[in-house]
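Chemist: Before I ask anything, let me first share the structure, which is written out below as structure tokens.
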Amino acid sequence: MPKSPNETITKETVFAALSKIKGPDMKGDLISLGLVSDVFISDGKVIFSINVPAERAQELEPLRKAAEITVSELAGVTKTIVALTAERKQGGAASPAPARPAAAAPNPPQPEKVGIPGVKAIISVASGKGGVGKSTTSVNLALALQKLGNKVGILDADIYGPSLPRLLGITGKPTANGRILTPMEGYGLKVMSMGFLVEEDTPMIWRGPMVISALTQMLNEVDWGELDILVVDMPPGTGDAQLTMAQKVPLAGAVIVSTPQDIALIDARKGLNMFRKVNVPILGIVENMSTFICPKCGEQSDIFGHGGAKDEAKRMGVPFLGAVPLHMDIRKTSDGGTPIVASAPDSDHAKAYLAIAERVLERMNAEKNMQGSEAPKIIME
């Protein structure tokens with residue numbers, strides 16, 4: 001049955017549809033089991049979460065997908081956002097903190113990391129999982145760092161799912177001088193992405209070595225010029241690309257992006273620990289989609305929880321850089337290629353990114369001073 005775009009979707013209609021979806025282990029349904037959070041609807045967009053045990057998140061992903069498809073097919077729905085989340089037990093976190101050894105074993109000698117000529121500092125923006133708004137955070141962080149007086153570039157290291165061309169509203173292809181590519185530019189940022197080199201709907205069916213080769217070329221065979229900071233928008237997870245960047249590039253630090261829910265934090269913790277193991281400074285954690293702000297009434301609702309990333313930062317002993325809400329303005333400007341820091345610099349959302357950028361700079365300076373106070377390390381090869 002075709003959907004009617006003029007029909008208004010209601011919470012009752014959403015709950016009725018979700019009541020037809022069996023719960024975990026095919027027992028009951030999502031509504032009778034009380035697994036669905038309150039449902040928020042704005043301009044045809046439906047947002048809700050499903051509470052499941054954190055340890056079963058991967059196993060129950062088909063349940064989330066079924067709920068998303070079911071609601072998306074309802075008349076009047078233009079977009080559906082569904083997340084799996086886990087409620088914290090009273091007095092504790094959803095999962096215990098990993099025990100730290102009393103004395104860390106000495107690290108083996110690391111290969112020498114080679115920087116990029118003209119680029120003073122490289123920072124990575126990473127997440128343990130997809131769908132947490134890492135690329136939107138990367139773009140707005142880069143623009144905020146630029147507003148604070150820095151020459152900034154941004155590299156889209158997500159070979160399989162490049163998003164910077166759309167987020168920055170840039171079209172066209174970079175020119176080449178021999179083997180060296182000239183980066184594209186948007187809002188004063190120098191930008192490079194695989195999205196400039198292939199059509200948007202072209203799948204990148206590449207194995208790991210090809211991805212690493214492409215990433216290395218985009219780092220070293222691009223005329224970045226003189227930059228104070230190069231922001232690298234990393235692909236989600238802890239695979240080959242992340243490990244290559246951490247081991248071969250002299251990163252000034254890593255920014256970890258997570259949403260508040262426990263399931264996202266589990267993956268964020270993995271990413272954070274990966275950078276720690278390869279001696280990359282953790283600049284801090286950003287809590288994205290920290291709270292939902294209704295664009296019509298201004299009411300705040302913690303759909304995906306709130307404060308989880310801040311608590312996690314404290315528990316892991318790393319700085320908390322700040323929180324960014326889930327707001328329609330951020331989504332609209334991102335989809336429209338007009339990032340909110342550039343298009344609405346006086347908005348509260350832009351100010352949130354600016355505050356995060358200020359803390360990132362403070363952490364970079366602190367890490368630089370710490371490294372400067374240490375004796376030079378001699379690596380025997």
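Each chain in the structure tokens gets a letter, A, B, ..., in the order shown, and its residues are numbered from 1; ligands are numbered from 1 in order too.
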Can you pull out the residues contacting Lys45 of chain A? Cut-off 9 Å, using only C-alpha atoms, and skip same-chain residues under 2 positions away; I want them as an mmCIF file with N, CA and C atoms, in the first residue's frame.
Modeler:
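The file below, part.cif, is the result:
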data_model
loop_
_atom_site.group_PDB
_atom_site.id
_atom_site.type_symbol
_atom_site.label_atom_id
_atom_site.label_comp_id
_atom_site.auth_asym_id
_atom_site.auth_seq_id
_atom_site.Cartn_x
_atom_site.Cartn_y
_atom_site.Cartn_z
ATOM 1 N N ILE A 9 1.647 11.264 11.076
ATOM 2 C CA ILE A 9 1.982 10.092 11.885
ATOM 3 C C ILE A 9 1.786 10.420 13.363
ATOM 4 N N PHE A 40 9.399 10.102 19.714
ATOM 5 C CA PHE A 40 9.381 11.527 19.399
ATOM 6 C C PHE A 40 9.215 11.693 17.892
ATOM 7 N N ILE A 41 8.287 12.577 17.531
ATOM 8 C CA ILE A 41 7.946 12.784 16.122
ATOM 9 C C ILE A 41 8.055 14.265 15.787
ATOM 10 N N SER A 42 8.753 14.565 14.694
ATOM 11 C CA SER A 42 8.890 15.948 14.251
ATOM 12 C C SER A 42 8.993 15.974 12.736
ATOM 13 N N ASP A 43 8.025 16.631 12.097
ATOM 14 C CA ASP A 43 8.032 16.767 10.628
ATOM 15 C C ASP A 43 8.177 15.427 9.920
ATOM 16 N N ILE A 47 11.744 9.124 16.054
ATOM 17 C CA ILE A 47 12.966 8.783 16.788
ATOM 18 C C ILE A 47 12.587 8.016 18.051
ATOM 19 N N GLY A 76 3.051 8.816 6.305
ATOM 20 C CA GLY A 76 3.421 10.042 6.993
ATOM 21 C C GLY A 76 4.827 10.059 7.543
ATOM 22 N N VAL A 77 5.531 8.917 7.491
ATOM 23 C CA VAL A 77 6.905 8.845 8.018
ATOM 24 C C VAL A 77 7.888 9.154 6.892
ATOM 25 N N THR A 78 8.771 10.127 7.121
ATOM 26 C CA THR A 78 9.785 10.488 6.127
ATOM 27 C C THR A 78 11.161 9.933 6.495
ATOM 28 N N LYS A 79 11.399 9.725 7.795
ATOM 29 C CA LYS A 79 12.692 9.193 8.229
ATOM 30 C C LYS A 79 12.522 8.555 9.594
ATOM 31 N N THR A 80 13.228 7.458 9.834
ATOM 32 C CA THR A 80 13.156 6.765 11.127
ATOM 33 C C THR A 80 14.560 6.591 11.698
ATOM 34 N N ILE A 81 14.720 6.976 12.957
ATOM 35 C CA ILE A 81 15.990 6.790 13.655
ATOM 36 C C ILE A 81 15.726 5.886 14.850
#
Chemist: Fewer than 2 positions away in the same chain doesn't count, so skip those; otherwise give me all residues within 6 Å of Phe48 of chain A, counting only C-alpha atoms, as a ChimeraX atom specification.
Modeler: /A:37,39,82
Chemist: Mind writing the picked residues with N, CA and C atoms as a PDB file, in the first residue's frame?
Modeler:
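What follows is the written file again.pdb:
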ATOM      1  N   SER A  37      11.347   3.035  24.134  1.00  0.00           N
ATOM      2  CA  SER A  37      11.341   4.310  24.845  1.00  0.00           C
ATOM      3  C   SER A  37      10.169   5.155  24.354  1.00  0.00           C
ATOM      4  N   VAL A  39       8.362   7.781  22.122  1.00  0.00           N
ATOM      5  CA  VAL A  39       8.573   8.049  20.695  1.00  0.00           C
ATOM      6  C   VAL A  39       8.433   9.537  20.447  1.00  0.00           C
ATOM      7  N   VAL A  82      16.335   4.706  14.851  1.00  0.00           N
ATOM      8  CA  VAL A  82      16.145   3.732  15.923  1.00  0.00           C
ATOM      9  C   VAL A  82      17.518   3.345  16.469  1.00  0.00           C
TER      10      VAL A  82
END
Chemist: Quick one: pull the distance between atom CA of Val257 of chain A and atom CA of Leu30 of chain A, Å, one decimal.
Modeler: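 That distance, rounded to one decimal, is 29.2 Å.
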Chemist: Let me make sure I understand: among A:Ser334, A:Ser32, A:Ser193, A:Asn369, which one has the smallest atom-to-atom distance to Val232 of chain A if we use only C-alpha atoms?
Modeler: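 Closest residue, counting only C-alpha atoms: A:Ser193.
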Chemist: Mind pulling up the distance from atom CA of Asn150 of chain A to atom CA of Asp233 of chain A?
Modeler: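 Rounded to one decimal, the two atoms are 17.7 Å apart.
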Chemist: Rank nothing, just name the residue among A:Ile50, A:Leu33, A:Leu189, A:Leu84 nearest to Glu226 of chain A, using only C-alpha atoms.
Modeler: A:Leu189
Chemist: List the spatial neighbours of segment 343-345 of chain A as a PyMOL selection string - criterion: any atom at most 10 Å away, only C-alpha atoms, same-chain residues fewer than 5 positions off excluded.
Modeler: chain A and resi 143-144+147+187+329-330+333+337-338+350-351+353-354
Chemist: Using only C-alpha atoms, pick whichever of A:Ile340, A:Arg56, A:Glu362, A:His349 has the shortest atom-to-atom distance to Pro319 of chain A.
Modeler: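 Smallest separation from Pro319 of chain A among the options: A:Glu362.
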Chemist: For each of A:Val324, A:Val280, A:Ala254, A:Val222, take the minimum atom-to-atom distance to Thr137 of chain A, counting only C-alpha atoms, then give the residue where this is smallest.
Modeler: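 The answer is A:Val324, which sits nearest to Thr137 of chain A.
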Chemist: Find the residue from A:Ile282, A:Ala366, A:Met194, A:Val119 that sits nearest to Gly253 of chain A; use only C-alpha atoms when measuring.
Modeler: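 Ranking A:Ile282, A:Ala366, A:Met194, A:Val119 by distance to Gly253 of chain A, first place goes to A:Ile282.
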